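> My structure file start26.cif, mmCIF, C-alpha atoms and all ligand atoms, is below:
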```
data_data
#
loop_
_atom_site.group_PDB
_atom_site.id
_atom_site.type_symbol
_atom_site.label_atom_id
_atom_site.label_comp_id
_atom_site.auth_asym_id
_atom_site.auth_seq_id
_atom_site.Cartn_x
_atom_site.Cartn_y
_atom_site.Cartn_z
ATOM 1 C CA MET A 20 0.000 0.000 0.000
ATOM 2 C CA LYS A 21 1.060 3.505 -0.634
ATOM 3 C CA TRP A 22 0.700 6.980 0.741
ATOM 4 C CA GLN A 23 -2.359 7.600 -1.401
ATOM 5 C CA THR A 24 -5.904 8.428 -0.400
ATOM 6 C CA LYS A 25 -7.451 5.207 -1.711
ATOM 7 C CA ASN A 26 -4.725 2.986 -0.291
ATOM 8 C CA LEU A 27 -4.894 4.644 3.106
ATOM 9 C CA ALA A 28 -8.552 3.805 3.540
ATOM 10 C CA LEU A 29 -7.755 0.167 2.816
ATOM 11 C CA TYR A 30 -4.743 0.309 5.118
ATOM 12 C CA PHE A 31 -6.768 1.479 8.077
ATOM 13 C CA GLN A 32 -9.272 -1.312 7.454
ATOM 14 C CA SER A 33 -6.685 -4.054 7.237
ATOM 15 C CA GLN A 34 -3.766 -2.914 9.382
ATOM 16 C CA GLU A 35 -3.325 -6.303 10.974
ATOM 17 C CA TYR A 36 -2.246 -7.739 7.623
ATOM 18 C CA VAL A 37 0.211 -5.007 6.717
ATOM 19 C CA ASP A 38 3.249 -5.703 8.853
ATOM 20 C CA THR A 39 6.096 -4.428 6.684
ATOM 21 C CA LEU A 40 7.194 -0.838 6.182
ATOM 22 C CA CYS A 41 9.534 0.091 3.324
ATOM 23 C CA ILE A 42 11.241 3.474 3.240
ATOM 24 C CA PRO A 43 13.345 4.602 0.261
ATOM 25 C CA LEU A 44 16.276 6.823 1.301
ATOM 26 C CA ILE A 45 16.966 9.566 -1.218
ATOM 27 C CA PRO A 46 20.028 11.848 -1.019
ATOM 28 C CA ILE A 47 19.971 15.197 -2.827
ATOM 29 C CA GLU A 48 22.477 17.947 -3.625
ATOM 30 C CA LEU A 49 22.746 20.736 -6.182
ATOM 31 C CA LYS A 50 26.390 21.764 -5.919
ATOM 32 C CA ASN A 51 27.758 19.754 -8.752
ATOM 33 C CA GLU A 52 25.903 19.084 -11.980
ATOM 34 C CA LEU A 53 27.165 15.583 -12.655
ATOM 35 C CA GLU A 54 26.554 14.477 -9.107
ATOM 36 C CA ALA A 55 23.064 15.964 -9.115
ATOM 37 C CA ILE A 56 22.220 14.188 -12.353
ATOM 38 C CA LYS A 57 23.511 10.926 -10.966
ATOM 39 C CA LEU A 58 21.424 11.295 -7.812
ATOM 40 C CA ALA A 59 18.295 12.207 -9.741
ATOM 41 C CA ASP A 60 18.784 9.175 -11.924
ATOM 42 C CA GLN A 61 19.186 6.952 -8.889
ATOM 43 C CA GLN A 62 16.081 8.409 -7.348
ATOM 44 C CA LYS A 63 14.115 7.502 -10.439
ATOM 45 C CA SER A 64 15.327 3.958 -10.535
ATOM 46 C CA LEU A 65 14.877 3.445 -6.788
ATOM 47 C CA GLN A 66 11.334 4.752 -7.079
ATOM 48 C CA LEU A 67 10.688 2.343 -9.929
ATOM 49 C CA ILE A 68 11.976 -0.583 -7.898
ATOM 50 C CA SER A 69 10.035 0.441 -4.792
ATOM 51 C CA ASP A 70 6.818 0.854 -6.760
ATOM 52 C CA GLU A 71 7.230 -2.537 -8.366
ATOM 53 C CA LEU A 72 7.956 -4.109 -4.990
ATOM 54 C CA GLU A 73 4.839 -2.498 -3.603
ATOM 55 C CA ARG A 74 2.839 -3.788 -6.553
ATOM 56 C CA ASN A 75 3.945 -7.351 -5.832
ATOM 57 C CA PHE A 76 3.227 -7.123 -2.106
ATOM 58 C CA THR A 77 0.456 -4.529 -1.885
ATOM 59 C CA GLY A 78 -1.365 -6.432 0.834
ATOM 60 C CA ARG A 79 1.563 -6.689 3.205
ATOM 61 C CA ILE A 80 4.010 -3.867 2.476
ATOM 62 C CA PHE A 81 3.393 -0.224 3.195
ATOM 63 C CA LEU A 82 5.616 1.898 0.973
ATOM 64 C CA SER A 83 6.333 5.177 2.697
ATOM 65 C CA PRO A 84 7.108 8.413 0.855
ATOM 66 C CA SER A 85 10.872 8.716 0.466
ATOM 67 C CA TYR A 86 13.067 9.968 3.280
ATOM 68 C CA THR A 87 15.043 12.776 1.651
ATOM 69 C CA TYR A 88 18.290 14.204 3.022
ATOM 70 C CA ILE A 89 21.304 16.262 2.026
ATOM 71 C CA LYS A 90 23.958 14.045 0.540
ATOM 72 C CA GLU A 91 26.794 15.411 2.646
ATOM 73 C CA SER A 92 25.033 15.396 5.945
ATOM 74 C CA ASP A 93 26.481 14.052 9.150
ATOM 75 C CA PHE A 94 25.278 10.465 9.098
ATOM 76 C CA ASP A 95 25.410 10.140 12.831
ATOM 77 C CA ALA A 96 22.821 12.875 13.209
ATOM 78 C CA GLU A 97 20.998 11.727 10.110
ATOM 79 C CA SER A 98 20.552 8.184 11.395
ATOM 80 C CA LYS A 99 19.117 9.530 14.649
ATOM 81 C CA ARG A 100 16.673 11.651 12.719
ATOM 82 C CA LEU A 101 15.778 8.733 10.479
ATOM 83 C CA ASN A 102 15.099 6.546 13.511
ATOM 84 C CA GLN A 103 12.841 9.175 15.013
ATOM 85 C CA TRP A 104 11.065 9.632 11.737
ATOM 86 C CA THR A 105 10.597 5.905 11.316
ATOM 87 C CA SER A 106 9.359 5.195 14.797
ATOM 88 C CA SER A 107 6.783 7.955 14.709
ATOM 89 C CA LEU A 108 5.591 6.695 11.355
ATOM 90 C CA SER A 109 5.460 3.060 12.349
ATOM 91 C CA GLN A 110 4.130 3.486 15.926
ATOM 92 C CA ASN A 111 5.211 -0.077 16.610
ATOM 93 C CA LYS A 112 2.612 -1.346 14.194
ATOM 94 C CA PHE A 113 5.100 -2.780 11.738
ATOM 95 C CA GLN A 114 7.082 -5.865 12.575
ATOM 96 C CA HIS A 115 9.498 -5.424 9.706
ATOM 97 C CA ILE A 116 11.080 -2.182 8.594
ATOM 98 C CA PHE A 117 13.281 -1.935 5.524
ATOM 99 C CA PHE A 118 15.288 0.984 4.200
ATOM 100 C CA LEU A 119 16.040 0.910 0.481
ATOM 101 C CA THR A 120 19.000 2.886 -0.749
ATOM 102 C CA TYR A 121 21.795 3.297 -3.261
ATOM 103 C CA ASP A 122 23.789 5.433 -0.853
ATOM 104 C CA VAL A 123 26.674 3.376 0.516
ATOM 105 C CA ASN A 124 27.224 5.864 3.358
ATOM 106 C CA TRP A 125 24.397 4.220 5.272
ATOM 107 C CA LYS A 126 26.236 0.911 5.298
ATOM 108 C CA LYS A 127 28.547 2.090 8.081
ATOM 109 C CA TYR A 128 25.597 3.166 10.207
ATOM 110 C CA GLU A 129 23.539 0.086 9.504
ATOM 111 C CA ASN A 130 23.739 -1.123 13.095
ATOM 112 C CA ASN A 131 22.366 2.167 14.430
ATOM 113 C CA LEU A 132 19.264 1.922 12.312
ATOM 114 C CA GLU A 133 16.002 0.604 13.676
ATOM 115 C CA GLY A 134 15.282 -1.445 10.626
ATOM 116 C CA SER A 135 17.085 -3.503 8.002
ATOM 117 C CA LEU A 136 19.131 -1.718 5.415
ATOM 118 C CA ILE A 137 18.825 -2.952 1.847
ATOM 119 C CA TRP A 138 21.732 -1.413 0.010
ATOM 120 C CA LEU A 139 21.544 -1.754 -3.760
ATOM 121 C CA THR A 140 24.467 -1.240 -6.055
ATOM 122 C CA ALA A 141 23.721 1.485 -8.532
ATOM 123 C CA ASN A 142 23.536 1.028 -12.242
ATOM 124 C CA SER A 143 23.049 4.054 -14.380
ATOM 125 C CA ILE A 144 20.086 3.675 -16.672
ATOM 126 C CA ASP A 145 19.804 5.510 -19.959
ATOM 127 C CA ASP A 146 16.809 3.900 -21.517
ATOM 128 C CA TYR A 147 14.062 2.812 -19.162
ATOM 129 C CA GLN A 148 12.194 1.017 -21.928
ATOM 130 C CA SER A 149 15.050 -1.202 -23.078
ATOM 131 C CA ASP A 150 14.835 -4.939 -22.423
ATOM 132 C CA GLN A 151 18.175 -4.849 -20.692
ATOM 133 C CA THR A 152 16.918 -2.312 -18.168
ATOM 134 C CA LYS A 153 13.705 -4.211 -17.643
ATOM 135 C CA ASN A 154 15.589 -7.410 -16.961
ATOM 136 C CA TRP A 155 17.978 -5.658 -14.626
ATOM 137 C CA ILE A 156 15.113 -4.125 -12.672
ATOM 138 C CA LYS A 157 13.307 -7.449 -12.585
ATOM 139 C CA SER A 158 16.305 -9.226 -11.154
ATOM 140 C CA GLN A 159 16.800 -6.490 -8.535
ATOM 141 C CA ILE A 160 13.175 -6.855 -7.529
ATOM 142 C CA ASN A 161 13.420 -10.626 -7.341
ATOM 143 C CA GLN A 162 16.409 -10.429 -5.054
ATOM 144 C CA ILE A 163 14.841 -7.843 -2.766
ATOM 145 C CA SER A 164 11.580 -9.805 -2.662
ATOM 146 C CA GLU A 165 13.436 -12.916 -1.660
ATOM 147 C CA LEU A 166 15.271 -11.047 1.061
ATOM 148 C CA ILE A 167 12.094 -9.495 2.459
ATOM 149 C CA ARG A 168 10.260 -12.803 2.351
ATOM 150 C CA SER A 169 13.029 -14.439 4.314
ATOM 151 C CA TYR A 170 12.124 -12.118 7.200
ATOM 152 C CA TRP A 171 8.410 -13.019 7.067
ATOM 153 C CA MET B 22 -27.123 64.698 -24.647
ATOM 154 C CA SER B 23 -29.380 61.848 -24.094
ATOM 155 C CA GLU B 24 -29.292 61.292 -27.874
ATOM 156 C CA LYS B 25 -25.509 61.180 -27.871
ATOM 157 C CA LYS B 26 -25.482 58.791 -25.046
ATOM 158 C CA GLN B 27 -27.898 56.626 -26.925
ATOM 159 C CA GLN B 28 -25.714 56.716 -30.043
ATOM 160 C CA VAL B 29 -22.685 55.661 -28.120
ATOM 161 C CA SER B 30 -24.485 52.891 -26.502
ATOM 162 C CA ARG B 31 -25.872 51.770 -29.859
ATOM 163 C CA ARG B 32 -22.372 51.669 -31.286
ATOM 164 C CA GLN B 33 -21.214 49.804 -28.259
ATOM 165 C CA PHE B 34 -24.107 47.466 -28.656
ATOM 166 C CA LEU B 35 -23.107 46.755 -32.237
ATOM 167 C CA ASN B 36 -19.516 46.319 -31.200
ATOM 168 C CA TYR B 37 -20.406 43.837 -28.563
ATOM 169 C CA THR B 38 -22.701 41.987 -30.878
ATOM 170 C CA LEU B 39 -20.132 41.683 -33.613
ATOM 171 C CA THR B 40 -17.447 40.635 -31.200
ATOM 172 C CA GLY B 41 -19.870 38.090 -29.870
ATOM 173 C CA VAL B 42 -20.586 36.703 -33.312
ATOM 174 C CA GLY B 43 -16.912 36.671 -34.148
ATOM 175 C CA GLY B 44 -16.230 34.882 -30.897
ATOM 176 C CA PHE B 45 -18.817 32.319 -31.738
ATOM 177 C CA MET B 46 -17.321 31.799 -35.161
ATOM 178 C CA ALA B 47 -13.858 31.430 -33.691
ATOM 179 C CA ALA B 48 -15.137 28.960 -31.151
ATOM 180 C CA GLY B 49 -16.895 27.073 -33.918
ATOM 181 C CA MET B 50 -13.619 26.730 -35.761
ATOM 182 C CA LEU B 51 -11.566 25.963 -32.697
ATOM 183 C CA ALA B 52 -13.795 23.358 -31.151
ATOM 184 C CA PRO B 53 -13.065 20.596 -33.662
ATOM 185 C CA MET B 54 -9.371 21.476 -33.551
ATOM 186 C CA VAL B 55 -9.261 21.191 -29.776
ATOM 187 C CA ARG B 56 -11.148 17.942 -29.959
ATOM 188 C CA PHE B 57 -8.724 16.732 -32.545
ATOM 189 C CA ALA B 58 -5.818 17.654 -30.311
ATOM 190 C CA ILE B 59 -7.057 15.948 -27.157
ATOM 191 C CA ASP B 60 -8.878 12.999 -28.675
ATOM 192 C CA PRO B 61 -5.912 10.617 -28.834
ATOM 193 C CA VAL B 62 -5.378 11.244 -25.144
ATOM 194 C CA LEU B 63 -8.963 10.401 -24.383
ATOM 195 C CA GLN B 64 -8.677 7.242 -26.397
ATOM 196 C CA ALA B 65 -5.479 6.151 -24.730
ATOM 197 C CA SER B 66 -7.046 6.320 -21.288
ATOM 198 C CA SER B 67 -10.355 4.711 -22.173
ATOM 199 C CA GLY B 68 -10.878 1.423 -20.409
ATOM 200 C CA GLY B 69 -11.690 -0.940 -23.231
ATOM 201 C CA ASP B 70 -8.287 -0.933 -24.885
ATOM 202 C CA MET B 71 -6.628 -4.172 -25.821
ATOM 203 C CA HIS B 72 -2.865 -4.450 -25.480
ATOM 204 C CA ALA B 73 -0.560 -6.797 -27.319
ATOM 205 C CA VAL B 74 1.017 -9.006 -24.668
ATOM 206 C CA VAL B 75 2.645 -12.085 -26.140
ATOM 207 C CA ASP B 76 2.964 -14.290 -29.175
ATOM 208 C CA VAL B 77 0.420 -17.097 -28.919
ATOM 209 C CA SER B 78 3.145 -19.631 -29.738
ATOM 210 C CA GLU B 79 4.805 -18.861 -26.391
ATOM 211 C CA ILE B 80 1.737 -19.860 -24.389
ATOM 212 C CA THR B 81 2.042 -23.281 -22.763
ATOM 213 C CA THR B 82 -0.149 -25.422 -20.544
ATOM 214 C CA GLU B 83 1.982 -24.242 -17.619
ATOM 215 C CA PRO B 84 0.930 -20.762 -16.481
ATOM 216 C CA GLN B 85 3.549 -18.092 -17.272
ATOM 217 C CA ARG B 86 3.627 -14.512 -16.141
ATOM 218 C CA PHE B 87 3.721 -11.814 -18.808
ATOM 219 C CA ASP B 88 4.108 -8.107 -18.144
ATOM 220 C CA TRP B 89 3.180 -5.178 -20.321
ATOM 221 C CA THR B 90 3.382 -1.463 -19.806
ATOM 222 C CA ILE B 91 0.756 1.070 -20.704
ATOM 223 C CA GLU B 92 0.788 4.790 -20.612
ATOM 224 C CA GLN B 93 -1.732 6.027 -18.119
ATOM 225 C CA VAL B 94 -2.897 9.582 -18.410
ATOM 226 C CA ASP B 95 -3.959 11.160 -15.156
ATOM 227 C CA ALA B 96 -5.263 14.682 -14.922
ATOM 228 C CA TRP B 97 -1.826 16.291 -14.827
ATOM 229 C CA TYR B 98 0.705 13.869 -16.046
ATOM 230 C CA THR B 99 1.361 10.691 -17.918
ATOM 231 C CA SER B 100 2.940 7.716 -16.271
ATOM 232 C CA ASP B 101 3.895 4.216 -17.316
ATOM 233 C CA VAL B 102 1.995 1.545 -15.488
ATOM 234 C CA THR B 103 2.991 -2.094 -15.606
ATOM 235 C CA HIS B 104 0.352 -4.792 -15.697
ATOM 236 C CA SER B 105 0.800 -8.530 -15.434
ATOM 237 C CA ALA B 106 -1.146 -11.655 -16.278
ATOM 238 C CA TRP B 107 -0.768 -15.393 -15.735
ATOM 239 C CA VAL B 108 -1.487 -17.012 -19.075
ATOM 240 C CA TYR B 109 -1.852 -20.674 -20.064
ATOM 241 C CA LYS B 110 -3.787 -23.050 -22.278
ATOM 242 C CA ASP B 111 -6.263 -25.266 -20.477
ATOM 243 C CA ASP B 112 -7.106 -28.905 -21.258
ATOM 244 C CA ASN B 113 -9.379 -27.834 -24.119
ATOM 245 C CA ASP B 114 -6.579 -25.788 -25.628
ATOM 246 C CA GLU B 115 -8.383 -22.581 -24.648
ATOM 247 C CA ILE B 116 -6.359 -19.591 -23.513
ATOM 248 C CA VAL B 117 -6.859 -18.539 -19.896
ATOM 249 C CA ALA B 118 -5.488 -15.153 -18.775
ATOM 250 C CA LEU B 119 -5.711 -14.559 -15.035
ATOM 251 C CA SER B 120 -5.044 -11.368 -13.141
ATOM 252 C CA PRO B 121 -2.257 -11.878 -10.597
ATOM 253 C CA THR B 122 -3.925 -9.554 -8.096
ATOM 254 C CA CYS B 123 -4.852 -11.478 -4.963
ATOM 255 C CA LYS B 124 -8.488 -10.980 -3.977
ATOM 256 C CA HIS B 125 -7.547 -10.683 -0.331
ATOM 257 C CA LEU B 126 -5.483 -7.482 -0.217
ATOM 258 C CA GLY B 127 -3.963 -7.255 -3.645
ATOM 259 C CA CYS B 128 -0.508 -8.857 -3.584
ATOM 260 C CA ALA B 129 0.682 -10.559 -6.756
ATOM 261 C CA VAL B 130 0.148 -14.317 -6.771
ATOM 262 C CA ASN B 131 2.646 -16.799 -8.220
ATOM 263 C CA TRP B 132 2.093 -20.094 -9.944
ATOM 264 C CA ALA B 133 3.499 -22.939 -7.857
ATOM 265 C CA GLY B 134 4.840 -20.401 -5.352
ATOM 266 C CA ASP B 135 4.252 -22.821 -2.499
ATOM 267 C CA PRO B 136 6.308 -26.032 -2.768
ATOM 268 C CA ASP B 137 3.549 -27.921 -0.943
ATOM 269 C CA HIS B 138 1.003 -27.016 -3.624
ATOM 270 C CA PRO B 139 2.850 -27.029 -6.934
ATOM 271 C CA ASP B 140 -0.393 -27.052 -8.943
ATOM 272 C CA GLN B 141 -1.884 -23.917 -7.434
ATOM 273 C CA PHE B 142 -1.373 -20.170 -7.423
ATOM 274 C CA PHE B 143 0.088 -18.923 -4.178
ATOM 275 C CA CYS B 144 -0.018 -15.520 -2.552
ATOM 276 C CA PRO B 145 3.146 -14.918 -0.526
ATOM 277 C CA CYS B 146 1.556 -12.244 1.658
ATOM 278 C CA HIS B 147 -0.884 -14.245 3.768
ATOM 279 C CA GLU B 148 -0.695 -17.647 2.099
ATOM 280 C CA GLY B 149 -3.796 -17.338 -0.016
ATOM 281 C CA ARG B 150 -4.153 -20.084 -2.620
ATOM 282 C CA TYR B 151 -6.059 -20.565 -5.865
ATOM 283 C CA TYR B 152 -6.612 -23.579 -8.108
ATOM 284 C CA LYS B 153 -5.256 -23.489 -11.636
ATOM 285 C CA ASP B 154 -8.547 -22.076 -12.972
ATOM 286 C CA GLY B 155 -8.183 -19.177 -10.538
ATOM 287 C CA VAL B 156 -10.870 -20.274 -8.084
ATOM 288 C CA ASN B 157 -9.847 -19.564 -4.507
ATOM 289 C CA VAL B 158 -9.034 -22.513 -2.260
ATOM 290 C CA PRO B 159 -11.474 -22.505 0.689
ATOM 291 C CA ASN B 160 -10.071 -21.684 4.119
ATOM 292 C CA THR B 161 -7.319 -19.472 2.762
ATOM 293 C CA PRO B 162 -7.665 -15.664 3.130
ATOM 294 C CA PRO B 163 -9.063 -14.760 -0.337
ATOM 295 C CA ASN B 164 -12.820 -15.023 -0.703
ATOM 296 C CA ALA B 165 -13.162 -14.748 -4.462
ATOM 297 C CA ALA B 166 -11.643 -16.162 -7.630
ATOM 298 C CA LEU B 167 -8.879 -14.300 -9.484
ATOM 299 C CA ASP B 168 -10.164 -11.899 -12.134
ATOM 300 C CA LEU B 169 -10.073 -13.020 -15.763
ATOM 301 C CA PHE B 170 -8.716 -10.753 -18.482
ATOM 302 C CA GLU B 171 -10.772 -10.076 -21.583
ATOM 303 C CA PHE B 172 -8.673 -11.299 -24.438
ATOM 304 C CA GLU B 173 -8.506 -11.549 -28.171
ATOM 305 C CA VAL B 174 -6.105 -13.229 -30.583
ATOM 306 C CA ARG B 175 -5.161 -11.264 -33.686
ATOM 307 C CA GLU B 176 -2.611 -12.546 -36.176
ATOM 308 C CA GLY B 177 -0.961 -14.836 -33.710
ATOM 309 C CA THR B 178 -0.685 -12.267 -30.937
ATOM 310 C CA LEU B 179 -2.566 -12.313 -27.658
ATOM 311 C CA TYR B 180 -4.203 -9.008 -26.725
ATOM 312 C CA LEU B 181 -5.489 -8.414 -23.219
ATOM 313 C CA GLY B 182 -8.081 -5.892 -22.089
ATOM 314 C CA ASN B 183 -9.736 -5.313 -18.726
ATOM 315 C CA ALA B 184 -9.659 -7.740 -15.839
ATOM 316 C CA ILE B 185 -13.210 -8.827 -15.071
ATOM 317 C CA GLU B 186 -14.394 -9.851 -11.623
ATOM 318 C CA ARG B 187 -16.027 -13.207 -11.177
ATOM 319 C CA GLY B 188 -17.570 -12.456 -7.784
ATOM 320 C CA GLY B 189 -17.558 -14.381 -4.511
ATOM 321 C CA ASP B 190 -16.919 -18.109 -4.608
ATOM 322 C CA ASN B 191 -16.788 -19.348 -1.080
HETATM 323 S S1 LIG A 201 -3.036 -10.478 -0.062
HETATM 324 FE FE1 LIG A 201 -3.082 -12.491 -0.845
HETATM 325 S S2 LIG A 201 -3.493 -13.666 0.916
HETATM 326 FE FE2 LIG A 201 -3.501 -11.651 1.680
#
```
Have the structure of the file written as structure tokens, please.


Amino acid sequence: MKWQTKNLALYFQSQEYVDTLCIPLIPIELKNELEAIKLADQQKSLQLISDELERNFTGRIFLSPSYTYIKESDFDAESKRLNQWTSSLSQNKFQHIFFLTYDVNWKKYENNLEGSLIWLTANSIDDYQSDQTKNWIKSQINQISELIRSYW
Amino acid sequence: MSEKKQQVSRRQFLNYTLTGVGGFMAAGMLAPMVRFAIDPVLQASSGGDMHAVVDVSEITTEPQRFDWTIEQVDAWYTSDVTHSAWVYKDDNDEIVALSPTCKHLGCAVNWAGDPDHPDQFFCPCHEGRYYKDGVNVPNTPPNAALDLFEFEVREGTLYLGNAIERGGDN
């Protein structure tokens, strides 16, 4: 389920079945053009993967709007803020919490996070309609699905 | 003075009238053009469209999942939406195209997803199950059969349309 009016009504009716919260982590910055383009591209592909994941597990996964932060922030402080953010969103109602990200900086702070970090290796995508891209996205989704299901 | 005022207002009246007529004429010319411009959009979002999904020769008696993407036009923007179907040929060689959307809370079901029931569809979310024809297995969470897609075969290609509900089947 998603942060959308229709989905929310269904969520509140069937909360007991929705036990998994997924939060995409999206870094932004506008200092450097190439870096900004890279980050925007990663945001798009992470959103695509998250949406597809949500489509496969609509009845059990709640996909939160992305947690957005400044790329060069202090990750110590950022992980505290993320934990606060997550716990007030989840209110202990979700048994499983997953963070999806391309940003390797989180890896070091993984143990501080109140949830499981799913770190994906980036792959820059030029043509979202190409078969190669579709297959790559499919295989990413399969791997993440398997991982999430192993927690269920 | 009153005459002058009247003249002015008569001229104004004429002005308004002519502008009005001109406006009408312009609208008359524009209307079909606007229609022409937005019509394809209206068509693209209309429900009854059939989409080419797969070559019929690829369909086997074992259900396979096929995905296709359509452009969905919402009020402000266009987005690509992926749809999926489980497609197979039944014992009478008839094509069956099932929606993968679980009737419990909407997860995507998989053929033979549960090793204990290799001849059923399985929903990984809350272990809902369906027989091969899409009818829900009693005493699992779903309370209706999987939707069936409208389909059509044209020149060896399978086209799928809307998924149609079959209603409760407890
Ligand atoms: S969504 Fe399929 S069993 Fe619950």

> Write out as a list in words each polymer residue (protein, DNA or RNA) that has an atom no more than 6 Å from ligand LIG 201 (chain A), with all atoms listed in the file counted.

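Selection of residues at most 6 Å from ligand LIG 201 (chain A): Gly78 of chain A; Cys123, His125, Leu126, Gly127, Cys128, Cys144, Cys146, His147, Glu148, Gly149, Pro162 and Pro163 of chain B.
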
> When the PyMOL selection byres ((chain A and not hetatm) within 7 of (chain B)) is applied to the structure above, which residues does it catch, written out as a PyMOL selection string?

chain A and resi 74-79

> Which value, in Å to one decimal, gives the distance between atom CA of A:Asp122 and atom CA of A:Ser149?

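Interatomic distance here is 24.8 Å.
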
> Which residues are near A:Asn161? Cut-off 10 Å, all atoms listed in the file, ignore same chain within fewer than 6 positions. Put them as a PDB file with C-alpha atoms, keeping the file's coordinate frame.


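Saved to out35.pdb:
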```
ATOM      1  CA  LEU A  72       7.956  -4.109  -4.990  1.00  0.00           C
ATOM      2  CA  TRP A 155      17.978  -5.658 -14.626  1.00  0.00           C
ATOM      3  CA  ILE A 167      12.094  -9.495   2.459  1.00  0.00           C
TER       4      ILE A 167
END
```

> Return the single residue from A:Gln34, A:Thr39, A:Ser169, A:Ser85 that is closest to A:Leu101, with distances computed using only C-alpha atoms.

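Ranking A:Gln34, A:Thr39, A:Ser169, A:Ser85 by distance to A:Leu101, first place goes to A:Ser85.
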
> Draw an axis-aligned box tight on the listed atoms of stretch 114-124 of chain B, then pad every side by 5 Å and write out centre and edge lengths in Å to one decimal as JSON.


```
{"center_x": -5.4, "center_y": -17.7, "center_z": -14.8, "size_x": 16.2, "size_y": 26.2, "size_z": 31.7}
```

> Report as a PyMOL selection string the full result of the PyMOL selection byres (((chain A and resi 141) around 9) and not hetatm) when it is applied to this structure.

chain A and resi 61+64+121-122+139-140+142-143

> Please provide as JSON, numbers by chain all residues within 12 Å of A:Gln32, with the sequence filter that same-chain residues fewer than 4 positions apart are discarded (counting all atoms listed in the file).

{"A": [20, 25, 26, 27, 28, 36, 37, 78], "B": [126]}

> Neighbouring residues of A:Ser109 were defined as those with any atom within 10 Å, considering all atoms listed in the file; residues of the same chain fewer than 6 positions away were excluded. Please report them as a PyMOL selection string.

chain A and resi 38-40+81+83+103+115-116

> Excluding same-chain residues fewer than 2 positions from A:Gln62, what lies within 10 Å of it counting only C-alpha atoms, as a ChimeraX atom specification?

/A:43-47,56-60,64-68,85,120-121

> Only C-alpha atoms, please: the residues just picked out, written as an mmCIF file, in the coordinates of the input.


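Written file, again27.cif:
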```
data_model
loop_
_atom_site.group_PDB
_atom_site.id
_atom_site.type_symbol
_atom_site.label_atom_id
_atom_site.label_comp_id
_atom_site.auth_asym_id
_atom_site.auth_seq_id
_atom_site.Cartn_x
_atom_site.Cartn_y
_atom_site.Cartn_z
ATOM 1 C CA PRO A 43 13.345 4.602 0.261
ATOM 2 C CA LEU A 44 16.276 6.823 1.301
ATOM 3 C CA ILE A 45 16.966 9.566 -1.218
ATOM 4 C CA PRO A 46 20.028 11.848 -1.019
ATOM 5 C CA ILE A 47 19.971 15.197 -2.827
ATOM 6 C CA ILE A 56 22.220 14.188 -12.353
ATOM 7 C CA LYS A 57 23.511 10.926 -10.966
ATOM 8 C CA LEU A 58 21.424 11.295 -7.812
ATOM 9 C CA ALA A 59 18.295 12.207 -9.741
ATOM 10 C CA ASP A 60 18.784 9.175 -11.924
ATOM 11 C CA SER A 64 15.327 3.958 -10.535
ATOM 12 C CA LEU A 65 14.877 3.445 -6.788
ATOM 13 C CA GLN A 66 11.334 4.752 -7.079
ATOM 14 C CA LEU A 67 10.688 2.343 -9.929
ATOM 15 C CA ILE A 68 11.976 -0.583 -7.898
ATOM 16 C CA SER A 85 10.872 8.716 0.466
ATOM 17 C CA THR A 120 19.000 2.886 -0.749
ATOM 18 C CA TYR A 121 21.795 3.297 -3.261
#
```

> If I take atom CA of A:Ile80 and atom CA of A:Asp95, how far is one from the other in Å, to one decimal?

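Distance reported for this atom pair: 27.6 Å.
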
> Find the residues near B:Phe87: any atom within 8 Å, counting all atoms listed in the file, skip ones fewer than 6 places away on the same chain, and give them as a PyMOL selection string.

chain B and resi 74-75+105-108

> Please evaluate the PyMOL selection byres (((chain B and resi 181) around 9) and not hetatm) against the structure above and give the resulting residues as a PyMOL selection string.

chain B and resi 70-74+106+118+170-174+179-180+182-184

> Would you save the residues from that selection as a PDB file, keeping the file's coordinate frame, using C-alpha atoms?


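Result went into out_31.pdb, see below:
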```pdb
ATOM      1  CA  ASP B  70      -8.287  -0.933 -24.885  1.00  0.00           C
ATOM      2  CA  MET B  71      -6.628  -4.172 -25.821  1.00  0.00           C
ATOM      3  CA  HIS B  72      -2.865  -4.450 -25.480  1.00  0.00           C
ATOM      4  CA  ALA B  73      -0.560  -6.797 -27.319  1.00  0.00           C
ATOM      5  CA  VAL B  74       1.017  -9.006 -24.668  1.00  0.00           C
ATOM      6  CA  ALA B 106      -1.146 -11.655 -16.278  1.00  0.00           C
ATOM      7  CA  ALA B 118      -5.488 -15.153 -18.775  1.00  0.00           C
ATOM      8  CA  PHE B 170      -8.716 -10.753 -18.482  1.00  0.00           C
ATOM      9  CA  GLU B 171     -10.772 -10.076 -21.583  1.00  0.00           C
ATOM     10  CA  PHE B 172      -8.673 -11.299 -24.438  1.00  0.00           C
ATOM     11  CA  GLU B 173      -8.506 -11.549 -28.171  1.00  0.00           C
ATOM     12  CA  VAL B 174      -6.105 -13.229 -30.583  1.00  0.00           C
ATOM     13  CA  LEU B 179      -2.566 -12.313 -27.658  1.00  0.00           C
ATOM     14  CA  TYR B 180      -4.203  -9.008 -26.725  1.00  0.00           C
ATOM     15  CA  GLY B 182      -8.081  -5.892 -22.089  1.00  0.00           C
ATOM     16  CA  ASN B 183      -9.736  -5.313 -18.726  1.00  0.00           C
ATOM     17  CA  ALA B 184      -9.659  -7.740 -15.839  1.00  0.00           C
TER      18      ALA B 184
END
```

> Hey, can you check how far atom CA of A:Gln114 sits from atom CA of A:Phe94?

24.7 Å
